[in-house]
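*Asks:* Data file query_25.cif (mmCIF, C-alpha atoms and all ligand atoms) is appended below.
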data_upload
loop_
_atom_site.label_atom_id
_atom_site.label_comp_id
_atom_site.auth_asym_id
_atom_site.auth_seq_id
_atom_site.Cartn_x
_atom_site.Cartn_y
_atom_site.Cartn_z
CA MET A 183 -2.67 3.35 13.99
CA ILE A 184 -2.01 1.16 10.97
CA LYS A 185 -3.99 1.84 7.78
CA LEU A 186 -3.88 -0.09 4.52
CA VAL A 187 -4.36 1.95 1.35
CA TRP A 188 -4.64 0.76 -2.24
CA VAL A 189 -6.23 1.18 -5.66
CA THR A 190 -8.21 -1.72 -7.08
CA ASP A 191 -11.30 -2.78 -9.03
CA ASN A 192 -14.29 -5.02 -8.30
CA ASN A 193 -12.17 -8.09 -9.16
CA ASP A 194 -9.56 -7.11 -6.52
CA ILE A 195 -6.81 -6.63 -9.12
CA ILE A 196 -3.97 -4.48 -7.75
CA GLY A 197 -1.16 -4.76 -10.31
CA HIS A 198 1.14 -6.98 -12.32
CA SER A 199 3.02 -9.99 -11.01
CA ASP A 200 5.64 -9.10 -13.62
CA LEU A 201 6.50 -5.44 -13.23
CA ALA A 202 7.82 -5.32 -16.80
CA HIS A 203 4.13 -4.87 -17.69
CA HIS A 204 3.64 -1.95 -15.29
CA ASP A 205 2.93 1.26 -17.23
CA PRO A 206 2.18 4.27 -15.03
CA ALA A 207 1.44 6.35 -18.13
CA ALA A 208 -1.05 3.87 -19.69
CA ALA A 209 -3.66 5.58 -21.85
CA THR A 210 -6.35 3.61 -19.99
CA ARG A 211 -5.38 5.19 -16.65
CA PRO A 212 -8.49 7.01 -15.44
CA ALA A 213 -8.35 10.80 -15.28
CA GLY A 214 -8.43 11.87 -11.67
CA LEU A 215 -6.61 8.79 -10.35
CA ASP A 216 -3.28 10.53 -9.80
CA ALA A 217 -4.97 13.30 -7.83
CA GLU A 218 -6.81 10.73 -5.72
CA ILE A 219 -3.59 8.78 -5.07
CA ASN A 220 -1.95 12.01 -3.93
CA ARG A 221 -4.89 12.59 -1.58
CA ILE A 222 -5.23 9.14 -0.01
CA PHE A 223 -1.57 8.16 0.29
CA ILE A 224 -0.94 11.02 2.72
CA ALA A 225 0.38 10.29 6.21
CA ASP A 226 3.54 10.93 8.18
CA ASN A 227 4.81 7.38 7.71
CA ILE A 228 4.55 4.66 5.05
CA VAL A 229 5.83 1.13 4.50
CA VAL A 230 6.16 -0.62 1.13
CA GLY A 231 7.65 -3.91 0.02
CA LYS A 232 10.93 -4.18 -1.82
CA THR A 233 9.07 -4.98 -5.06
CA THR A 234 6.92 -1.86 -4.85
CA LEU A 235 9.76 0.52 -3.94
CA PRO A 236 10.92 1.27 -7.52
CA LEU A 237 7.36 2.38 -8.38
CA CYS A 238 7.26 5.07 -5.72
CA THR A 239 10.75 6.52 -5.26
CA ASP A 240 9.49 9.99 -6.28
CA TYR A 241 7.24 9.96 -3.20
CA ILE A 242 9.98 9.22 -0.64
CA PRO A 243 10.52 12.91 0.31
CA HIS A 244 6.79 13.33 1.09
CA TYR A 245 7.01 11.26 4.30
CA LYS A 246 8.55 11.70 7.71
CA SER A 247 9.49 8.00 7.68
CA PHE A 248 9.52 5.83 4.58
CA TYR A 249 10.13 2.14 5.37
CA VAL A 250 11.03 -0.63 2.92
CA LEU A 251 10.51 -4.26 3.92
CA THR A 252 12.85 -6.99 2.76
CA ARG A 253 14.41 -10.11 4.25
CA ASP A 254 17.56 -9.33 2.27
CA LYS A 255 20.17 -8.17 4.79
CA ASN A 256 22.38 -6.91 1.94
CA PHE A 257 19.69 -4.69 0.40
CA THR A 258 20.74 -1.07 0.18
CA VAL A 259 18.84 1.96 -1.06
CA ALA A 260 19.81 5.42 -2.24
CA ASP A 261 20.56 7.67 0.68
CA HIS A 262 17.49 9.50 1.99
CA ALA A 263 17.47 10.73 5.59
CA ASN A 264 13.88 9.49 6.11
CA LEU A 265 14.25 6.04 4.48
CA SER A 266 14.85 2.88 6.50
CA VAL A 267 15.19 -0.73 5.42
CA ILE A 268 13.27 -3.03 7.80
CA HIS A 269 13.67 -6.81 8.01
CA ASP A 270 11.08 -7.60 10.68
CA PRO A 271 7.51 -6.30 10.16
CA GLN A 272 6.80 -6.80 13.89
CA GLU A 273 9.10 -3.85 14.57
CA LEU A 274 6.63 -1.55 12.77
CA VAL A 275 3.57 -3.26 14.27
CA THR A 276 4.94 -2.64 17.78
CA LYS A 277 5.77 0.96 16.98
CA TYR A 278 2.53 2.00 15.26
CA GLN A 279 -0.36 -0.35 16.07
CA ASP A 280 -1.45 1.50 19.22
CA SER A 281 0.19 4.81 18.40
CA LYS A 282 -1.56 8.08 17.55
CA GLU A 283 0.84 8.33 14.62
CA THR A 284 -0.31 6.68 11.42
CA LEU A 285 1.62 4.09 9.46
CA LEU A 286 0.20 3.75 5.94
CA VAL A 287 0.74 0.35 4.39
CA GLY A 288 1.24 1.24 0.74
CA GLY A 289 1.61 -2.24 -0.75
CA GLY A 290 2.06 -4.41 -2.53
CA LYS A 291 0.09 -7.57 -2.01
CA ALA A 292 2.62 -9.34 0.24
CA ILE A 293 2.93 -6.30 2.50
CA TRP A 294 -0.84 -5.68 2.83
CA GLU A 295 -1.28 -9.35 3.73
CA LEU A 296 1.40 -9.05 6.42
CA PHE A 297 -0.15 -5.97 8.06
CA LEU A 298 -3.86 -6.75 7.58
CA PRO A 299 -4.17 -8.60 10.95
CA HIS A 300 -2.77 -5.51 12.72
CA ALA A 301 -4.62 -2.77 10.82
CA SER A 302 -7.36 -0.49 12.12
CA GLU A 303 -8.49 1.02 8.83
CA LEU A 304 -8.71 0.28 5.11
CA ILE A 305 -8.76 2.97 2.41
CA ILE A 306 -9.72 1.54 -0.96
CA ALA A 307 -9.87 3.58 -4.16
CA LEU A 308 -12.13 1.65 -6.54
CA ILE A 309 -11.87 2.14 -10.30
CA ASP A 310 -13.71 0.36 -13.13
CA SER A 311 -10.78 -1.73 -14.30
CA HIS A 312 -7.29 -2.04 -12.81
CA PRO A 313 -4.56 -3.36 -15.10
CA GLY A 314 -2.72 -6.52 -14.05
CA ASP A 315 -3.10 -10.13 -12.92
CA LEU A 316 -2.33 -9.83 -9.20
CA LYS A 317 -5.25 -9.96 -6.74
CA PHE A 318 -5.43 -8.75 -3.16
CA ASP A 319 -8.70 -10.05 -1.70
CA ALA A 320 -7.80 -11.05 1.89
CA TRP A 321 -9.43 -7.84 3.17
CA ARG A 322 -12.90 -9.05 2.13
CA SER A 323 -13.15 -11.61 4.97
CA VAL A 324 -12.13 -9.12 7.67
CA LYS A 325 -14.90 -7.81 9.96
CA LYS A 326 -15.28 -4.12 9.23
CA THR A 327 -17.68 -1.19 9.01
CA LYS A 328 -17.71 1.31 6.19
CA TYR A 329 -17.63 4.83 7.63
CA ASN A 330 -17.12 7.01 4.56
CA GLU A 331 -17.24 7.12 0.77
CA VAL A 332 -15.74 9.82 -1.42
CA ASP A 333 -16.74 10.15 -5.09
CA TRP A 334 -14.16 11.48 -7.48
CA LYS A 335 -13.84 11.62 -11.27
CA ASN A 336 -13.89 7.98 -12.50
CA GLY A 337 -13.83 6.34 -9.09
CA LYS A 338 -14.95 6.10 -5.50
CA THR A 339 -12.84 5.77 -2.36
CA HIS A 340 -14.21 3.60 0.46
CA TYR A 341 -13.14 3.93 4.09
CA TYR A 342 -13.53 1.03 6.53
CA ALA A 343 -12.86 0.71 10.25
CA ILE A 344 -11.74 -2.81 11.16
CA HIS A 345 -13.29 -4.52 14.20
CA ARG A 346 -10.16 -5.34 16.15
CA LYS A 347 -10.36 -7.91 18.92
N1 LIG B 401 -2.88 -0.92 -6.67
C1 LIG B 401 -2.13 -0.34 -5.74
O1 LIG B 401 -2.57 0.53 -4.98
C2 LIG B 401 -0.70 -0.79 -5.57
C3 LIG B 401 0.14 -0.16 -4.64
C4 LIG B 401 1.42 -0.68 -4.46
C5 LIG B 401 1.85 -1.78 -5.20
N2 LIG B 401 0.99 -2.33 -6.09
C6 LIG B 401 1.38 -3.51 -6.88
O2 LIG B 401 1.75 -4.56 -6.02
C7 LIG B 401 2.58 -5.46 -6.75
C8 LIG B 401 3.76 -5.87 -5.89
O3 LIG B 401 3.29 -6.68 -4.83
P1 LIG B 401 4.14 -7.92 -4.35
O4 LIG B 401 3.34 -8.69 -3.36
O5 LIG B 401 4.66 -8.63 -5.54
O6 LIG B 401 5.44 -7.24 -3.70
P2 LIG B 401 5.58 -6.24 -2.44
O7 LIG B 401 4.52 -6.54 -1.44
O8 LIG B 401 5.75 -4.84 -2.92
O9 LIG B 401 7.01 -6.67 -1.88
C9 LIG B 401 7.28 -8.04 -1.64
C10 LIG B 401 8.62 -8.12 -0.93
O10 LIG B 401 8.50 -7.71 0.43
C11 LIG B 401 9.43 -8.43 1.22
N3 LIG B 401 8.73 -9.15 2.28
C12 LIG B 401 7.62 -9.91 2.18
N4 LIG B 401 7.34 -10.47 3.37
C13 LIG B 401 8.29 -10.05 4.24
C14 LIG B 401 8.57 -10.29 5.61
N5 LIG B 401 7.79 -11.10 6.36
N6 LIG B 401 9.64 -9.69 6.17
C15 LIG B 401 10.46 -8.88 5.45
N7 LIG B 401 10.26 -8.61 4.13
C16 LIG B 401 9.19 -9.20 3.54
C17 LIG B 401 10.10 -9.46 0.33
O11 LIG B 401 11.34 -8.93 -0.10
P3 LIG B 401 12.61 -9.96 -0.20
O12 LIG B 401 12.21 -10.94 -1.26
O13 LIG B 401 13.75 -9.09 -0.57
O14 LIG B 401 12.75 -10.58 1.17
C18 LIG B 401 9.14 -9.55 -0.85
O15 LIG B 401 9.79 -9.94 -2.03
C19 LIG B 401 3.00 -4.73 -8.03
O16 LIG B 401 2.23 -5.22 -9.10
C20 LIG B 401 2.60 -3.28 -7.75
O17 LIG B 401 2.28 -2.58 -8.92
C21 LIG B 401 -0.26 -1.86 -6.30
#
As a first step, turn the structure in this file into C-alpha cells.
*Replies:*
Amino acid sequence: MIKLVWVTDNNDIIGHSDLAHHDPAAATRPAGLDAEINRIFIADNIVVGKTTLPLCTDYIPHYKSFYVLTRDKNFTVADHANLSVIHDPQELVTKYQDSKETLLVGGGKAIWELFLPHASELIIALIDSHPGDLKFDAWRSVKKTKYNEVDWKNGKTHYYAIHRK
C-alpha cells in the first residue's frame, strides 16, 4: 500500500521553494506539531525526494527501508544499511502498490505528485498557517473518502482513502 503523508494549511502550502528559508525551530511552529509528525510519519518504509533528504536525515534509522529518489546517477549518501538511492519511481510502485507493506511518501511536492496516481491513502496534518511559498494541491481533485480525523493541540489530521480504479 502506498500512502502520502504531509503537513499543510488551508492554502495547501507545504514548504519553501528555497530551502535557505527553512527553519525547523521557527518560533511560529505550533506546539504539538513535532509529536504529530512523529505519530503520522510512522511506517516500515518511506521515500523522499533528494531535496527533502537533508531535512530528515535524523529519521533515517527509524525505518526498515528509507528510499531517496533522484535522477542523478552520481548521487551518493552517507552509509546507512537501510538507505537506498532510487532512480526510477516505478520500481517502488511495483514493489508496494499492491503489497501489505506500507510505503509512506514523505515528500516533497515533486515526489507526492509522482506517487499520487498510485496511492491508496492520504494522511494530511492541517495547521493554521504553514510557512513557505510552495503549494501541493494536486490531491484535491482526486476521488477520495475521508475515513478518520484526529484532533491534536493546534491542528487536525485528516485520513482519506482514495478511490482507485
Ligand atoms: N510539509 C511537509 O509535510 C513536507 C514534507 C517534506 C518536504 N516538504 C517540503 O517540500 C519541499 C521540497 O519539495 P520539492 O518538490 O522541491 O523536492 P522533493 O520532492 O523533495 O525532491 C525533488 C527531487 O526528486 C527527484 N525526482 C523528481 N522526480 C523524479 C523522478 N521522476 N525520478 C527520479 N527522481 C526524481 C529530483 O532529483 P534530481 O534533481 O537529483 O533528479 C528532484 O530534484 C521543501 O520545501 C520541503 O520543506 C514539506
*Asks:* Counting all atoms listed in the file, what is within 6 Å of stretch 246-250 of chain A, bar same-chain residues fewer than 2 positions away, as an MDAnalysis selection string?
*Replies:* chainID A and resid 226:232 264:268
*Asks:* How would you write, as a VMD selection string, the set of residues no farther than 7 Å from ligand LIG 401 (chain B) when counting all atoms listed in the file?
*Replies:* chain A and resid 187 to 190 196 to 201 204 230 to 235 251 to 254 268 to 271 288 to 294 296 316
*Asks:* Taking all atoms listed in the file into account, name the residue in A:Ser323, A:Thr258, A:Asn336, A:Ser311 that is nearest to A:Asp191.
*Replies:*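 Smallest separation from A:Asp191 among the options: A:Ser311.
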*Asks:* Calculate how many Å separate atom CA of A:Ile184 from atom CA of A:Val287, rounding to one decimal.
*Replies:* 7.2 Å
*Asks:* Can you work out which one of A:Ala225, A:Leu304, A:Ala213, A:Val332 has the shortest atom-to-atom distance to A:Leu286, counting all atoms listed in the file?
*Replies:*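 Of all the options, A:Ala225 lies closest to A:Leu286.
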*Asks:* Using atom CA of A:Asp319 and atom CA of A:Leu186 as the two end points, give the distance in Å to one decimal.
*Replies:* 12.7 Å
*Asks:* Let me know the centre plus edge lengths, in Å and rounded to one decimal, of a box with edges along x, y and z that contains all listed atoms of stretch 193-202 of chain A and is padded by 8 Å on every side, as lines of an AutoDock Vina configuration file.
*Replies:*
center_x = -2.2
center_y = -7.2
center_z = -11.7
size_x = 36.0
size_y = 21.5
size_z = 26.3
*Asks:* With all atoms listed in the file as the basis for distance, which of A:Asp216, A:Asp315, A:Asp310, A:Asp280 is at the shortest distance from A:Lys338?
*Replies:*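 Between A:Asp216, A:Asp315, A:Asp310, A:Asp280, the residue approaching A:Lys338 most closely is A:Asp310.
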*Asks:* Atom CA of A:Ile222 and atom CA of A:Gly337, how far apart in Å?
*Replies:* 12.8 Å
*Asks:* Which residue gives the smallest distance to A:Ala209 among A:Tyr245, A:Tyr342, A:Pro313, A:Trp321, with all atoms listed in the file counted?
*Replies:*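 Under the stated criterion, the closest residue is A:Pro313.
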*Asks:* Which one of A:Lys328, A:His312, A:His244, A:Ala301 sits closest to A:Arg211 if you count only C-alpha atoms?
*Replies:* A:His312
*Asks:* Let me make sure I understand: among A:Gly314, A:Lys277, A:Asp261, A:Glu218, which one has the smallest atom-to-atom distance to A:Ile195 if we use all atoms listed in the file?
*Replies:*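 Comparing A:Gly314, A:Lys277, A:Asp261, A:Glu218 against A:Ile195, the winner is A:Gly314.
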